[in-house]
>>> print(open('model.cif').read())   # mmCIF, C-alpha atoms
data_model
loop_
_atom_site.group_PDB
_atom_site.id
_atom_site.type_symbol
_atom_site.label_atom_id
_atom_site.label_comp_id
_atom_site.auth_asym_id
_atom_site.auth_seq_id
_atom_site.Cartn_x
_atom_site.Cartn_y
_atom_site.Cartn_z
ATOM 1 C CA MET A 1 3.433 106.587 145.603
ATOM 2 C CA ARG A 2 6.667 107.894 144.122
ATOM 3 C CA LYS A 3 8.609 105.273 142.177
ATOM 4 C CA THR A 4 11.637 107.243 141.130
ATOM 5 C CA LEU A 5 14.555 104.809 140.923
ATOM 6 C CA LEU A 6 18.148 105.195 139.911
ATOM 7 C CA SER A 7 20.069 103.263 137.305
ATOM 8 C CA THR A 8 23.237 101.656 138.689
ATOM 9 C CA GLY A 9 24.216 99.163 136.015
ATOM 10 C CA GLY A 10 26.481 101.418 133.946
ATOM 11 C CA LEU A 11 28.148 102.995 136.955
ATOM 12 C CA LEU A 12 28.694 99.578 138.524
ATOM 13 C CA ALA A 13 30.495 98.311 135.435
ATOM 14 C CA PHE A 14 32.731 101.381 135.458
ATOM 15 C CA LEU A 15 33.578 101.016 139.148
ATOM 16 C CA LEU A 16 34.489 97.360 138.703
ATOM 17 C CA LEU A 17 37.016 98.401 136.058
ATOM 18 C CA THR A 18 38.550 101.297 137.882
ATOM 19 C CA THR A 19 38.042 101.896 141.581
ATOM 20 C CA GLN A 20 38.202 98.256 142.572
ATOM 21 C CA SER A 21 41.891 97.793 141.753
ATOM 22 C CA ILE A 22 42.092 94.600 143.728
ATOM 23 C CA PHE A 23 45.276 92.953 142.546
ATOM 24 C CA ALA A 24 48.729 93.581 141.197
ATOM 25 C CA GLN A 25 47.689 94.594 137.723
ATOM 26 C CA THR A 26 44.449 95.876 136.152
ATOM 27 C CA PRO A 27 43.417 97.187 132.711
ATOM 28 C CA THR A 28 43.679 100.779 133.977
ATOM 29 C CA ASP A 29 46.920 100.934 135.992
ATOM 30 C CA GLY A 30 50.614 101.311 135.162
ATOM 31 C CA LEU A 31 51.710 97.790 136.165
ATOM 32 C CA MET A 32 52.459 94.526 134.355
ATOM 33 C CA MET A 33 52.786 90.943 135.507
ATOM 34 C CA ALA A 34 56.150 89.411 134.615
ATOM 35 C CA ARG A 35 56.308 86.659 131.995
ATOM 36 C CA GLY A 36 54.992 83.387 133.377
ATOM 37 C CA THR A 37 53.509 84.968 136.515
ATOM 38 C CA TYR A 38 49.858 84.465 137.396
ATOM 39 C CA CYS A 39 48.003 86.515 140.007
ATOM 40 C CA THR A 40 44.502 85.727 141.205
ATOM 41 C CA ALA A 41 42.349 87.868 143.484
ATOM 42 C CA LEU A 42 39.124 87.695 145.442
ATOM 43 C CA SER A 43 37.415 90.854 146.638
ATOM 44 C CA TYR A 44 34.286 92.126 148.318
ATOM 45 C CA SER A 45 32.890 95.607 147.729
ATOM 46 C CA LYS A 46 29.754 97.462 148.742
ATOM 47 C CA THR A 47 28.271 100.715 147.463
ATOM 48 C CA SER A 48 25.163 102.447 148.814
ATOM 49 C CA TRP A 49 23.170 105.636 148.226
ATOM 50 C CA THR A 50 20.025 107.432 149.339
ATOM 51 C CA ASP A 51 20.201 110.575 147.155
ATOM 52 C CA TYR A 52 20.491 110.577 143.370
ATOM 53 C CA TRP A 53 20.302 112.812 140.328
ATOM 54 C CA GLU A 54 17.158 112.674 138.202
ATOM 55 C CA GLY A 55 18.780 114.233 135.180
ATOM 56 C CA THR A 56 20.629 117.151 136.758
ATOM 57 C CA HIS A 57 18.121 117.548 139.621
ATOM 58 C CA LYS A 58 19.312 115.990 142.884
ATOM 59 C CA ARG A 59 16.649 114.366 145.018
ATOM 60 C CA SER A 60 15.953 111.511 147.426
ATOM 61 C CA ASN A 61 13.340 108.765 147.557
ATOM 62 C CA THR A 62 12.108 107.542 150.938
ATOM 63 C CA ASN A 63 10.172 104.719 149.238
ATOM 64 C CA LEU A 64 13.501 103.070 148.440
ATOM 65 C CA GLY A 65 15.487 103.941 151.547
ATOM 66 C CA THR A 66 19.131 102.974 151.071
ATOM 67 C CA VAL A 67 19.963 101.190 147.826
ATOM 68 C CA SER A 68 23.015 98.964 148.194
ATOM 69 C CA THR A 69 25.025 96.779 145.842
ATOM 70 C CA GLN A 70 27.376 94.076 147.111
ATOM 71 C CA THR A 71 29.912 92.629 144.695
ATOM 72 C CA TYR A 72 31.998 89.477 145.120
ATOM 73 C CA MET A 73 34.690 89.544 142.449
ATOM 74 C CA ILE A 74 37.153 86.978 141.156
ATOM 75 C CA MET A 75 39.888 88.215 138.806
ATOM 76 C CA GLY A 76 43.112 86.860 137.386
ATOM 77 C CA ALA A 77 46.074 88.189 135.389
ATOM 78 C CA LEU A 78 48.719 86.195 133.497
ATOM 79 C CA GLY A 79 51.979 87.492 132.036
ATOM 80 C CA ILE A 80 52.152 85.959 128.563
ATOM 81 C CA THR A 81 55.328 87.971 128.003
ATOM 82 C CA ASP A 82 56.864 90.865 129.909
ATOM 83 C CA ARG A 83 54.978 93.194 127.543
ATOM 84 C CA LEU A 84 51.672 91.334 127.087
ATOM 85 C CA ASN A 85 49.218 90.348 129.823
ATOM 86 C CA VAL A 86 45.775 88.747 129.740
ATOM 87 C CA ILE A 87 43.222 89.617 132.443
ATOM 88 C CA ALA A 88 39.807 88.114 133.223
ATOM 89 C CA GLY A 89 37.100 88.865 135.775
ATOM 90 C CA LEU A 90 33.643 87.736 136.871
ATOM 91 C CA PRO A 91 31.474 89.466 139.524
ATOM 92 C CA TYR A 92 28.677 87.999 141.632
ATOM 93 C CA ILE A 93 26.253 90.761 142.621
ATOM 94 C CA GLN A 94 23.515 91.270 145.228
ATOM 95 C CA THR A 95 21.242 94.333 145.226
ATOM 96 C CA LYS A 96 18.856 95.562 147.915
ATOM 97 C CA ALA A 97 16.615 98.528 148.776
ATOM 98 C CA SER A 98 16.077 98.892 152.519
ATOM 99 C CA ALA A 99 12.592 100.453 152.414
ATOM 100 C CA SER A 100 11.023 99.082 149.229
ATOM 101 C CA TYR A 101 8.611 96.315 148.344
ATOM 102 C CA LEU A 102 10.810 95.609 145.300
ATOM 103 C CA THR A 103 12.902 92.477 145.636
ATOM 104 C CA GLY A 104 16.658 92.730 145.264
ATOM 105 C CA GLN A 105 18.490 90.594 142.730
ATOM 106 C CA LYS A 106 21.518 88.327 143.013
ATOM 107 C CA GLY A 107 23.637 86.325 140.622
ATOM 108 C CA PHE A 108 26.643 86.393 138.327
ATOM 109 C CA GLN A 109 26.803 89.430 136.058
ATOM 110 C CA ASP A 110 29.122 89.793 133.018
ATOM 111 C CA VAL A 111 32.386 87.956 132.382
ATOM 112 C CA SER A 112 35.178 90.209 131.074
ATOM 113 C CA LEU A 113 38.447 89.543 129.245
ATOM 114 C CA TRP A 114 41.206 92.089 128.500
ATOM 115 C CA LEU A 115 44.588 92.140 126.758
ATOM 116 C CA LYS A 116 47.107 94.695 127.994
ATOM 117 C CA TYR A 117 50.236 95.612 126.016
ATOM 118 C CA ARG A 118 53.143 97.816 127.052
ATOM 119 C CA LEU A 119 53.959 100.146 124.162
ATOM 120 C CA VAL A 120 56.808 102.150 125.681
ATOM 121 C CA GLN A 121 59.121 102.002 128.690
ATOM 122 C CA GLN A 122 61.773 104.683 128.933
ATOM 123 C CA ASP A 123 63.907 106.145 131.710
ATOM 124 C CA ILE A 124 63.227 109.894 131.823
ATOM 125 C CA LEU A 125 64.623 112.444 134.278
ATOM 126 C CA PHE A 126 64.440 110.847 137.742
ATOM 127 C CA GLY A 127 62.129 107.949 136.930
ATOM 128 C CA THR A 128 60.499 105.706 134.325
ATOM 129 C CA PHE A 129 57.773 106.514 131.809
ATOM 130 C CA ARG A 130 55.437 103.793 130.496
ATOM 131 C CA ALA A 131 52.562 103.739 128.027
ATOM 132 C CA PHE A 132 50.063 100.883 127.655
ATOM 133 C CA VAL A 133 47.077 100.007 125.498
ATOM 134 C CA THR A 134 44.326 97.658 126.631
ATOM 135 C CA GLY A 135 41.415 96.114 124.787
ATOM 136 C CA GLY A 136 38.593 94.149 126.324
ATOM 137 C CA VAL A 137 35.243 92.484 125.796
ATOM 138 C CA SER A 138 32.453 91.409 128.116
ATOM 139 C CA THR A 139 29.274 89.378 127.818
ATOM 140 C CA PRO A 140 26.436 88.503 130.223
ATOM 141 C CA THR A 141 26.685 85.084 131.849
ATOM 142 C CA ASN A 142 22.934 84.593 132.327
ATOM 143 C CA ASN A 143 19.560 85.993 131.311
ATOM 144 C CA TYR A 144 19.155 88.544 134.116
ATOM 145 C CA ASN A 145 16.613 91.325 133.622
ATOM 146 C CA PRO A 146 18.161 94.736 132.701
ATOM 147 C CA ASP A 147 14.782 96.515 132.875
ATOM 148 C CA TYR A 148 14.659 96.447 136.677
ATOM 149 C CA LEU A 149 16.855 99.387 137.606
ATOM 150 C CA PRO A 150 18.256 100.225 140.088
ATOM 151 C CA LEU A 151 18.039 96.647 141.407
ATOM 152 C CA SER A 152 19.029 94.808 138.245
ATOM 153 C CA LEU A 153 22.434 93.136 138.064
ATOM 154 C CA GLY A 154 23.482 95.240 135.084
ATOM 155 C CA LEU A 155 22.487 96.350 131.591
ATOM 156 C CA HIS A 156 22.863 92.917 129.906
ATOM 157 C CA SER A 157 24.801 94.502 127.041
ATOM 158 C CA LYS A 158 27.821 93.000 125.329
ATOM 159 C CA THR A 159 30.719 95.448 125.340
ATOM 160 C CA ALA A 160 34.038 96.132 123.632
ATOM 161 C CA SER A 161 36.485 98.628 125.104
ATOM 162 C CA ALA A 162 39.828 100.242 124.309
ATOM 163 C CA ARG A 163 41.967 102.514 126.471
ATOM 164 C CA LEU A 164 45.335 104.230 126.722
ATOM 165 C CA VAL A 165 47.253 104.295 130.020
ATOM 166 C CA ILE A 166 50.316 106.412 130.769
ATOM 167 C CA ASP A 167 52.387 106.100 133.943
ATOM 168 C CA TYR A 168 55.391 107.939 135.360
ATOM 169 C CA ARG A 169 57.121 106.570 138.459
ATOM 170 C CA SER A 170 60.035 108.305 140.147
ATOM 171 C CA LYS A 171 62.932 106.252 141.514
ATOM 172 C CA PRO A 172 61.798 106.795 145.134
ATOM 173 C CA GLY A 173 58.428 105.273 144.153
ATOM 174 C CA PHE A 174 56.045 108.234 143.736
ATOM 175 C CA TYR A 175 53.888 107.922 140.631
ATOM 176 C CA LEU A 176 51.288 109.574 138.445
ATOM 177 C CA THR A 177 48.985 107.446 136.290
ATOM 178 C CA ALA A 178 46.363 108.664 133.826
ATOM 179 C CA GLU A 179 44.071 106.701 131.544
ATOM 180 C CA ALA A 180 41.264 107.328 129.071
ATOM 181 C CA GLY A 181 38.945 104.778 127.522
ATOM 182 C CA TYR A 182 35.957 104.168 125.283
ATOM 183 C CA THR A 183 33.374 101.401 125.682
ATOM 184 C CA GLY A 184 30.938 100.395 122.959
ATOM 185 C CA ARG A 185 27.759 98.608 124.024
ATOM 186 C CA SER A 186 25.461 96.345 122.037
ATOM 187 C CA ASN A 187 21.697 96.748 121.859
ATOM 188 C CA ILE A 188 19.645 94.734 124.345
ATOM 189 C CA HIS A 189 16.150 93.225 124.404
ATOM 190 C CA ILE A 190 13.605 93.767 127.177
ATOM 191 C CA ASP A 191 10.399 91.996 128.213
ATOM 192 C CA ARG A 192 7.979 94.584 126.821
ATOM 193 C CA ASP A 193 6.917 95.592 123.325
ATOM 194 C CA SER A 194 7.320 99.373 123.552
ATOM 195 C CA TYR A 195 9.066 102.104 125.536
ATOM 196 C CA LEU A 196 9.581 105.872 125.602
ATOM 197 C CA TYR A 197 12.896 107.442 124.618
ATOM 198 C CA ASN A 198 13.260 111.229 124.657
ATOM 199 C CA HIS A 199 9.437 111.459 124.863
ATOM 200 C CA GLU A 200 9.003 109.412 121.692
ATOM 201 C CA LEU A 201 7.279 106.010 121.634
ATOM 202 C CA TYR A 202 9.249 103.084 120.177
ATOM 203 C CA ASN A 203 7.192 99.982 119.326
ATOM 204 C CA THR A 204 9.956 97.438 119.754
ATOM 205 C CA ASN A 205 11.618 95.418 122.497
ATOM 206 C CA GLU A 206 15.116 96.284 121.211
ATOM 207 C CA VAL A 207 16.851 99.039 123.170
ATOM 208 C CA LYS A 208 19.978 100.974 122.245
ATOM 209 C CA VAL A 209 22.314 101.286 125.257
ATOM 210 C CA PRO A 210 24.538 104.416 125.225
ATOM 211 C CA ASN A 211 28.250 103.993 124.636
ATOM 212 C CA MET A 212 30.551 105.346 127.349
ATOM 213 C CA ALA A 213 33.794 107.276 127.769
ATOM 214 C CA ASP A 214 35.813 107.286 130.984
ATOM 215 C CA GLY A 215 39.097 108.432 132.440
ATOM 216 C CA ASN A 216 40.965 108.765 135.710
ATOM 217 C CA VAL A 217 44.077 110.258 137.270
ATOM 218 C CA ARG A 218 45.941 108.640 140.185
ATOM 219 C CA ILE A 219 48.701 110.049 142.384
ATOM 220 C CA GLY A 220 50.456 107.824 144.873
ATOM 221 C CA PHE A 221 53.441 105.769 146.003
ATOM 222 C CA ARG A 222 54.331 102.154 145.288
ATOM 223 C CA ASN A 223 57.179 99.713 145.750
ATOM 224 C CA GLY A 224 57.384 95.934 145.992
ATOM 225 C CA ARG A 225 55.761 95.838 149.419
ATOM 226 C CA PHE A 226 53.316 98.689 149.547
ATOM 227 C CA GLN A 227 51.079 100.857 147.372
ATOM 228 C CA THR A 228 48.696 103.721 148.121
ATOM 229 C CA ASP A 229 47.065 106.348 145.938
ATOM 230 C CA VAL A 230 44.220 108.813 145.633
ATOM 231 C CA TYR A 231 42.295 109.193 142.398
ATOM 232 C CA LEU A 232 39.699 111.188 140.526
ATOM 233 C CA GLU A 233 37.521 109.496 137.907
ATOM 234 C CA ARG A 234 34.957 110.568 135.355
ATOM 235 C CA MET A 235 32.558 108.401 133.364
ATOM 236 C CA ALA A 236 29.980 109.690 130.897
ATOM 237 C CA ALA A 237 27.464 108.140 128.541
ATOM 238 C CA LEU A 238 27.862 109.606 125.058
ATOM 239 C CA SER A 239 24.132 109.706 124.333
ATOM 240 C CA GLY A 240 20.857 108.893 126.040
ATOM 241 C CA ASP A 241 18.010 110.558 127.901
ATOM 242 C CA ASP A 242 17.237 111.520 131.504
ATOM 243 C CA ILE A 243 15.139 109.722 134.083
ATOM 244 C CA ARG A 244 11.652 111.167 133.712
ATOM 245 C CA TYR A 245 10.070 112.879 136.724
ATOM 246 C CA ASN A 246 8.720 110.285 139.188
ATOM 247 C CA ASP A 247 9.413 107.474 136.722
ATOM 248 C CA MET A 248 11.539 104.364 136.695
ATOM 249 C CA PRO A 249 15.061 104.621 135.226
ATOM 250 C CA PHE A 250 15.781 102.864 131.934
ATOM 251 C CA PRO A 251 18.858 101.427 130.155
ATOM 252 C CA THR A 252 18.842 104.364 127.703
ATOM 253 C CA ASN A 253 19.525 106.893 130.481
ATOM 254 C CA ALA A 254 22.647 109.047 130.062
ATOM 255 C CA MET A 255 24.569 108.150 133.213
ATOM 256 C CA LYS A 256 27.479 110.375 134.235
ATOM 257 C CA ALA A 257 29.542 110.463 137.428
ATOM 258 C CA THR A 258 32.631 112.045 138.958
ATOM 259 C CA THR A 259 34.192 109.912 141.692
ATOM 260 C CA ILE A 260 36.997 110.452 144.197
ATOM 261 C CA GLY A 261 38.670 107.645 146.097
ATOM 262 C CA TRP A 262 41.600 105.997 147.846
ATOM 263 C CA TYR A 263 43.292 102.641 147.247
ATOM 264 C CA GLY A 264 45.898 100.746 149.277
ATOM 265 C CA ARG A 265 47.738 97.422 149.017
ATOM 266 C CA LEU A 266 50.157 95.529 151.277
ATOM 267 C CA ASN A 267 52.216 92.600 149.926
ATOM 268 C CA ILE A 268 53.516 89.752 152.092
ATOM 269 C CA GLU A 269 55.635 87.372 150.004
ATOM 270 C CA GLN A 270 53.278 85.996 147.306
ATOM 271 C CA PHE A 271 50.163 87.216 149.128
ATOM 272 C CA GLY A 272 48.564 90.647 149.151
ATOM 273 C CA ILE A 273 45.830 92.526 151.009
ATOM 274 C CA THR A 274 43.950 95.434 149.442
ATOM 275 C CA ALA A 275 41.418 98.062 150.543
ATOM 276 C CA GLY A 276 39.653 100.991 148.921
ATOM 277 C CA LEU A 277 37.161 103.810 149.512
ATOM 278 C CA SER A 278 35.122 105.813 146.986
ATOM 279 C CA LYS A 279 32.490 108.555 146.825
ATOM 280 C CA VAL A 280 30.520 109.999 143.913
ATOM 281 C CA LEU A 281 30.873 113.786 144.005
ATOM 282 C CA ASP A 282 28.630 114.766 141.118
ATOM 283 C CA GLY A 283 26.515 113.011 138.545
ATOM 284 C CA ARG A 284 23.570 112.709 136.196
ATOM 285 C CA ASN A 285 21.041 109.855 136.419
ATOM 286 C CA VAL A 286 23.188 108.114 139.053
ATOM 287 C CA GLY A 287 23.173 107.805 142.825
ATOM 288 C CA GLN A 288 25.493 109.740 145.100
ATOM 289 C CA SER A 289 27.033 106.543 146.348
ATOM 290 C CA THR A 290 29.793 105.807 148.803
ATOM 291 C CA GLY A 291 31.668 102.538 148.757
ATOM 292 C CA PHE A 292 34.435 100.414 150.163
ATOM 293 C CA SER A 293 36.298 97.300 149.081
ATOM 294 C CA VAL A 294 38.622 94.697 150.590
ATOM 295 C CA GLY A 295 40.489 91.930 148.819
ATOM 296 C CA VAL A 296 43.171 89.261 148.931
ATOM 297 C CA LEU A 297 45.530 88.174 146.160
ATOM 298 C CA TYR A 298 47.994 85.403 145.476
ATOM 299 C CA ALA A 299 50.729 85.165 142.835
ATOM 300 C CA VAL A 300 52.611 82.125 141.500
ATOM 301 C CA ARG A 301 55.191 81.447 138.794
ATOM 302 C CA VAL A 302 53.620 79.091 136.271
ATOM 303 C CA PHE A 303 56.243 79.104 133.492
ATOM 304 C CA GLY A 304 59.312 80.899 132.201
ATOM 305 C CA HIS A 305 62.421 82.404 133.783
ATOM 306 C CA GLY A 306 63.460 79.002 135.115
ATOM 307 C CA GLY A 307 60.466 78.848 137.433
ATOM 308 C CA LYS A 308 58.413 75.737 138.078
ATOM 309 C CA CYS A 309 54.652 75.435 137.786
ATOM 310 C CA GLY A 310 53.041 76.502 141.047
ATOM 311 C CA LYS A 311 56.245 77.903 142.528
ATOM 312 C CA PRO A 312 55.377 80.893 144.792
ATOM 313 C CA LEU A 313 56.676 84.228 143.574
ATOM 314 C CA GLY A 314 57.326 87.183 145.862
ATOM 315 C CA MET A 315 54.822 89.938 145.117
ATOM 316 C CA GLU A 316 57.605 92.510 144.932
ATOM 317 C CA SER A 317 58.596 90.874 141.626
ATOM 318 C CA ALA A 318 55.082 90.279 140.333
ATOM 319 C CA VAL A 319 53.818 93.741 141.152
ATOM 320 C CA GLU A 320 56.688 95.975 140.076
ATOM 321 C CA ASN A 321 58.148 94.594 136.865
ATOM 322 C CA ASP A 322 60.657 97.404 136.377
ATOM 323 C CA THR A 323 63.634 95.458 135.137
ATOM 324 C CA HIS A 324 62.443 94.756 131.585
#
>>> encode(input="model.cif", output="structure tokens")
Amino acid sequence: MRKTLLSTGGLLAFLLLTTQSIFAQTPTDGLMMARGTYCTALSYSKTSWTDYWEGTHKRSNTNLGTVSTQTYMIMGALGITDRLNVIAGLPYIQTKASASYLTGQKGFQDVSLWLKYRLVQQDILFGTFRAFVTGGVSTPTNNYNPDYLPLSLGLHSKTASARLVIDYRSKPGFYLTAEAGYTGRSNIHIDRDSYLYNHELYNTNEVKVPNMADGNVRIGFRNGRFQTDVYLERMAALSGDDIRYNDMPFPTNAMKATTIGWYGRLNIEQFGITAGLSKVLDGRNVGQSTGFSVGVLYAVRVFGHGGKCGKPLGMESAVENDTH
């Protein structure tokens, strides 16, 4: 019986950061929440795949059928100042393989916290140029098993990330956003005393998880009421090995993926509705997944600018803080 599985933990973490842009401001976009404004969001997303890359060789596995991951996400962003925001997120994940005897997993994954700072804002030509830096950390919220890929909740690694975001928006509302980031990952421990890495036996339960680089480019239109864009993303582990032929995947695998997608958002006063689509075009040690997401968001003024705690704030102000 073939037991070739695909690692999804690293790709899932990347998608949560980038393609699931579910509220008015994320670590990877060109937006900021105004001082004293808080935005919270709830979203649901699902990705699924049947074909995957074992190293660079694309193949399928009928013993697994369709592997799917459902994510229920809660995120929040607070404008400490007009130039500094704090963002937090926590996903609840369910995994499943439609034709496998292996049991899917469910539970909370890793809690994440980011700081986002606007370095530059300058009117140039027919629009506005901005540059941001973000830094973030994440840590597992429970003792889930990372050595159960592709059905594990994640890689159970603590992370620290840094990224640069640049954004140019024309006065009519068309924009171009680009970002690049680096994520360092801590070593993890697994429930066995030895493992193979690059065909060499390691007699330890400590595993080195590859660090990751990522980037994306978005082109779209946004104003206070509406946003839509298309994007191209790339994530790549900076070290690691390939899934061995007919073997299980492992946290040391060098996962790489190129993803294309669409994102849209509609704001109604302090509320918002979001939707997104994504597809992996090419990869290494990842599944050729397709996905969708839907979400709702709500923004309030909690302090500053003469506002009162809990006072609703129109999303056109929270989303597009162009006046500072």
>>> resolve_selection(input="model.cif", expression="the PyMOL selection byres ((chain A and resi 194) around 7)", output="PyMOL selection string")
chain A and resi 192-193+195+201-205
>>> write_last_selection(input="model.cif", atoms="C-alpha atoms", output="mmCIF file, in the frame of the given file")
data_model
loop_
_atom_site.group_PDB
_atom_site.id
_atom_site.type_symbol
_atom_site.label_atom_id
_atom_site.label_comp_id
_atom_site.auth_asym_id
_atom_site.auth_seq_id
_atom_site.Cartn_x
_atom_site.Cartn_y
_atom_site.Cartn_z
ATOM 1 C CA ARG A 192 7.979 94.584 126.821
ATOM 2 C CA ASP A 193 6.917 95.592 123.325
ATOM 3 C CA TYR A 195 9.066 102.104 125.536
ATOM 4 C CA LEU A 201 7.279 106.010 121.634
ATOM 5 C CA TYR A 202 9.249 103.084 120.177
ATOM 6 C CA ASN A 203 7.192 99.982 119.326
ATOM 7 C CA THR A 204 9.956 97.438 119.754
ATOM 8 C CA ASN A 205 11.618 95.418 122.497
#
>>> resolve_selection(input="model.cif", expression="the PyMOL selection byres ((chain A and resi 48) around 10)", output="PDB file with C-alpha atoms, keeping the file's coordinate frame")
ATOM      1  CA  LYS A  46      29.754  97.462 148.742  1.00  0.00           C
ATOM      2  CA  THR A  47      28.271 100.715 147.463  1.00  0.00           C
ATOM      3  CA  TRP A  49      23.170 105.636 148.226  1.00  0.00           C
ATOM      4  CA  THR A  50      20.025 107.432 149.339  1.00  0.00           C
ATOM      5  CA  ASP A  51      20.201 110.575 147.155  1.00  0.00           C
ATOM      6  CA  THR A  66      19.131 102.974 151.071  1.00  0.00           C
ATOM      7  CA  VAL A  67      19.963 101.190 147.826  1.00  0.00           C
ATOM      8  CA  SER A  68      23.015  98.964 148.194  1.00  0.00           C
ATOM      9  CA  THR A  69      25.025  96.779 145.842  1.00  0.00           C
ATOM     10  CA  GLN A  70      27.376  94.076 147.111  1.00  0.00           C
ATOM     11  CA  THR A  95      21.242  94.333 145.226  1.00  0.00           C
ATOM     12  CA  LYS A  96      18.856  95.562 147.915  1.00  0.00           C
ATOM     13  CA  ALA A  97      16.615  98.528 148.776  1.00  0.00           C
ATOM     14  CA  LYS A 279      32.490 108.555 146.825  1.00  0.00           C
ATOM     15  CA  GLY A 287      23.173 107.805 142.825  1.00  0.00           C
ATOM     16  CA  GLN A 288      25.493 109.740 145.100  1.00  0.00           C
ATOM     17  CA  SER A 289      27.033 106.543 146.348  1.00  0.00           C
ATOM     18  CA  THR A 290      29.793 105.807 148.803  1.00  0.00           C
ATOM     19  CA  GLY A 291      31.668 102.538 148.757  1.00  0.00           C
ATOM     20  CA  PHE A 292      34.435 100.414 150.163  1.00  0.00           C
TER      21      PHE A 292
END
>>> atom_distance(input="model.cif", atom1="atom CA of A:Ser161", atom2="atom CA of A:Gly224")
29.7 Å
>>> closest_residue(input="model.cif", among="A:Leu297, A:Thr103, A:Arg185, A:Thr228", to="A:Leu277", atoms="all atoms listed in the file")
A:Thr228
>>> residues_around(input="model.cif", residues="A:Asp241", least_positions_apart="3", cutoff="10 Å", atoms="all atoms listed in the file", output="list of chain:residue names")
A:Gly55, A:Leu196, A:Tyr197, A:Asn198, A:His199, A:Pro210, A:Ala237, A:Arg244, A:Pro249, A:Phe250, A:Pro251, A:Thr252, A:Asn253, A:Ala254, A:Met255, A:Asn285
